[in-house]
Amino acid sequence: MNNRRQSGDTIVEVMISLAVISMVIGLAYGIATRSLKQSQQSQERVEASKVAEGQLERLKGFSNSSDLSSLVPAGNFCVTATNAIEDVSMGHCTYNNLYRVTDTYDSSGHLITVQIDWDSATGSGSGQDQLIMYYRVY
């Protein structure tokens, strides 16, 4: 009888170990990728919120000094960084080469609408994201 002990792993054990390690690495990669996309989306939305808030703050400054309906054009407009009101009836203003800004003012309801559109860096959905803020002027 041959009572020699053989040490080492069989090829089946090695293959099973590699399969388990591959699955763990694949899951970790998927989780990290999803986390990165969510972080980028959050960052874009926060920056878009800041742009919209800036537009509203500038418009609030105008509304405190005079009747807003006499200052803003009918249709779409935006307030530039130099506090100039720009008529953009057929388009939008661009902020930071990423965010498209369109403001409207409804004088009957005294409602300012600020709409921010941008192409998502993560390509979520249609690749376009949007944020809309409303402010009622009293």
# chains A, B, ... in the order shown; residues from 1 in each chain; ligands from 1
$ residues_around --residues "segment 51-62 of chain A" --least-positions-apart "5" --cutoff "12 Å" --atoms "only C-alpha atoms" --output "MDAnalysis selection string"
chainID A and resid 44:46 67:72 77:85 93:96 98:105 110:118 130:138
$ write_last_selection --atoms "C-alpha atoms" --output "short mmCIF file (atom, residue, chain, number, x, y, z; two decimals), in the first residue's frame"
data_model
loop_
_atom_site.label_atom_id
_atom_site.label_comp_id
_atom_site.auth_asym_id
_atom_site.auth_seq_id
_atom_site.Cartn_x
_atom_site.Cartn_y
_atom_site.Cartn_z
CA GLU A 44 -24.65 68.52 -10.41
CA ARG A 45 -27.99 69.06 -8.67
CA VAL A 46 -26.39 71.08 -5.85
CA ASP A 67 -42.31 96.68 -10.10
CA LEU A 68 -40.75 93.59 -11.65
CA SER A 69 -43.18 93.46 -14.57
CA SER A 70 -41.80 96.78 -15.88
CA LEU A 71 -38.22 95.43 -15.79
CA VAL A 72 -38.48 91.95 -17.27
CA PHE A 77 -35.27 85.98 -19.75
CA CYS A 78 -32.34 85.57 -17.40
CA VAL A 79 -30.24 87.73 -15.12
CA THR A 80 -26.56 87.80 -16.01
CA ALA A 81 -23.66 87.92 -13.57
CA THR A 82 -23.55 91.70 -14.03
CA ASN A 83 -27.23 91.94 -12.96
CA ALA A 84 -28.41 92.75 -16.48
CA ILE A 85 -31.74 91.30 -17.52
CA CYS A 93 -28.48 81.82 -20.82
CA THR A 94 -25.61 79.46 -20.17
CA TYR A 95 -23.82 79.25 -16.84
CA ASN A 96 -20.45 77.55 -16.48
CA LEU A 98 -23.06 73.42 -18.50
CA TYR A 99 -26.28 74.85 -17.09
CA ARG A 100 -28.96 76.41 -19.31
CA VAL A 101 -30.95 79.04 -17.40
CA THR A 102 -34.44 80.23 -18.36
CA ASP A 103 -36.48 82.58 -16.15
CA THR A 104 -40.11 83.56 -16.61
CA TYR A 105 -42.34 85.99 -14.73
CA HIS A 110 -46.55 87.41 -9.31
CA LEU A 111 -44.67 84.16 -9.81
CA ILE A 112 -41.04 83.85 -10.91
CA THR A 113 -40.02 80.52 -12.40
CA VAL A 114 -36.35 79.62 -12.77
CA GLN A 115 -35.64 76.56 -14.88
CA ILE A 116 -32.18 75.01 -15.05
CA ASP A 117 -31.41 72.29 -17.61
CA TRP A 118 -28.16 70.43 -18.07
CA GLN A 130 -33.76 69.61 -14.90
CA LEU A 131 -34.42 71.69 -11.81
CA ILE A 132 -37.28 74.19 -11.48
CA MET A 133 -37.69 76.72 -8.66
CA TYR A 134 -40.65 79.00 -8.05
CA TYR A 135 -40.79 82.24 -6.11
CA ARG A 136 -43.86 84.36 -5.45
CA VAL A 137 -43.22 88.12 -5.39
CA TYR A 138 -45.36 90.09 -2.95
#
$ closest_atom_pairs --of "segment 34-57 of chain A" --to "segment 18-30 of chain A" --cutoff "10 Å" --atoms "only C-alpha atoms" --output "tab-separated table"
residue	atom	partner	partner_atom	distance
A:Arg34	CA	A:Gly30	CA	6.2
A:Ser35	CA	A:Gly30	CA	8.6
A:Leu36	CA	A:Gly30	CA	10.0
$ write_last_selection --atoms "N, CA and C atoms" --output "PDB file, in the first residue's frame"
ATOM      1  N   ARG A  34     -21.909  52.599  -9.011  1.00  0.00           N
ATOM      2  CA  ARG A  34     -23.209  53.194  -8.677  1.00  0.00           C
ATOM      3  C   ARG A  34     -23.040  54.352  -7.697  1.00  0.00           C
ATOM      4  N   SER A  35     -22.178  54.177  -6.725  1.00  0.00           N
ATOM      5  CA  SER A  35     -21.921  55.235  -5.748  1.00  0.00           C
ATOM      6  C   SER A  35     -21.316  56.471  -6.422  1.00  0.00           C
ATOM      7  N   LEU A  36     -20.402  56.269  -7.343  1.00  0.00           N
ATOM      8  CA  LEU A  36     -19.780  57.381  -8.057  1.00  0.00           C
ATOM      9  C   LEU A  36     -20.815  58.141  -8.889  1.00  0.00           C
TER      10      LEU A  36
END
$ select_by_dssp --residues "chain A" --states "helix (DSSP H, G or I)" --output "NGL selection string"
:A and (11-65 or 68-70)
$ select_by_dssp --residues "segment 13-125 of chain A" --states "strand (DSSP E or B)" --output "PDB file with C-alpha atoms, in the first residue's frame"
ATOM      1  CA  PHE A  77     -35.265  85.977 -19.753  1.00  0.00           C
ATOM      2  CA  CYS A  78     -32.335  85.567 -17.401  1.00  0.00           C
ATOM      3  CA  VAL A  79     -30.241  87.732 -15.116  1.00  0.00           C
ATOM      4  CA  ILE A  85     -31.742  91.298 -17.524  1.00  0.00           C
ATOM      5  CA  GLU A  86     -31.294  89.544 -20.853  1.00  0.00           C
ATOM      6  CA  ASP A  87     -34.218  88.662 -23.137  1.00  0.00           C
ATOM      7  CA  CYS A  93     -28.480  81.823 -20.821  1.00  0.00           C
ATOM      8  CA  THR A  94     -25.613  79.464 -20.170  1.00  0.00           C
ATOM      9  CA  TYR A  95     -23.821  79.248 -16.839  1.00  0.00           C
ATOM     10  CA  TYR A  99     -26.284  74.851 -17.092  1.00  0.00           C
ATOM     11  CA  ARG A 100     -28.957  76.410 -19.314  1.00  0.00           C
ATOM     12  CA  VAL A 101     -30.951  79.040 -17.401  1.00  0.00           C
ATOM     13  CA  THR A 102     -34.438  80.227 -18.356  1.00  0.00           C
ATOM     14  CA  ASP A 103     -36.484  82.583 -16.152  1.00  0.00           C
ATOM     15  CA  THR A 104     -40.113  83.557 -16.611  1.00  0.00           C
ATOM     16  CA  TYR A 105     -42.336  85.994 -14.725  1.00  0.00           C
ATOM     17  CA  ASP A 106     -46.098  85.676 -14.483  1.00  0.00           C
ATOM     18  CA  LEU A 111     -44.672  84.164  -9.812  1.00  0.00           C
ATOM     19  CA  ILE A 112     -41.038  83.854 -10.906  1.00  0.00           C
ATOM     20  CA  THR A 113     -40.019  80.517 -12.396  1.00  0.00           C
ATOM     21  CA  VAL A 114     -36.350  79.616 -12.767  1.00  0.00           C
ATOM     22  CA  GLN A 115     -35.637  76.557 -14.876  1.00  0.00           C
ATOM     23  CA  ILE A 116     -32.178  75.008 -15.050  1.00  0.00           C
ATOM     24  CA  ASP A 117     -31.410  72.291 -17.609  1.00  0.00           C
ATOM     25  CA  TRP A 118     -28.156  70.427 -18.074  1.00  0.00           C
ATOM     26  CA  ASP A 119     -26.698  67.385 -19.768  1.00  0.00           C
TER      27      ASP A 119
END
$ residues_around --residues "Gln41 of chain A" --least-positions-apart "3" --cutoff "8 Å" --atoms "only C-alpha atoms" --output "JSON, numbers by chain"
{"A": [37, 38, 44, 45, 120, 121, 122]}
$ write_last_selection --atoms "N, CA and C atoms" --output "CSV table (one decimal), in the first residue's frame"
chain,number,residue,atom,x,y,z
A,37,LYS,N,-21.7,57.4,-9.6
A,37,LYS,CA,-22.7,58.1,-10.4
A,37,LYS,C,-23.7,58.9,-9.5
A,38,GLN,N,-24.1,58.3,-8.4
A,38,GLN,CA,-25.0,59.1,-7.5
A,38,GLN,C,-24.3,60.3,-6.9
A,44,GLU,N,-24.0,67.7,-9.4
A,44,GLU,CA,-24.6,68.5,-10.4
A,44,GLU,C,-25.9,69.2,-9.9
A,45,ARG,N,-26.7,68.5,-9.2
A,45,ARG,CA,-28.0,69.1,-8.7
A,45,ARG,C,-27.7,70.2,-7.7
A,120,SER,N,-26.6,65.6,-18.2
A,120,SER,CA,-26.0,64.9,-17.1
A,120,SER,C,-24.7,64.2,-17.4
A,121,ALA,N,-23.7,64.4,-16.6
A,121,ALA,CA,-22.4,63.7,-16.8
A,121,ALA,C,-22.5,62.2,-16.7
A,122,THR,N,-23.5,61.7,-16.0
A,122,THR,CA,-23.6,60.3,-15.8
A,122,THR,C,-24.5,59.7,-16.9
$ closest_residue --among "A:Gln43, A:Asn64, A:Ser107, A:Ser89" --to "Asn76 of chain A" --atoms "only C-alpha atoms"
A:Ser89
$ atom_distance --atom1 "atom CA of Ser42 of chain A" --atom2 "atom CA of His92 of chain A"
23.1 Å
$ closest_residue --among "A:Ile31, A:Ile16, A:Ala48, A:Asp9" --to "Asp129 of chain A" --atoms "only C-alpha atoms"
A:Ala48
$ atom_distance --atom1 "atom CA of Gly75 of chain A" --atom2 "atom CA of Gly91 of chain A"
10.5 Å
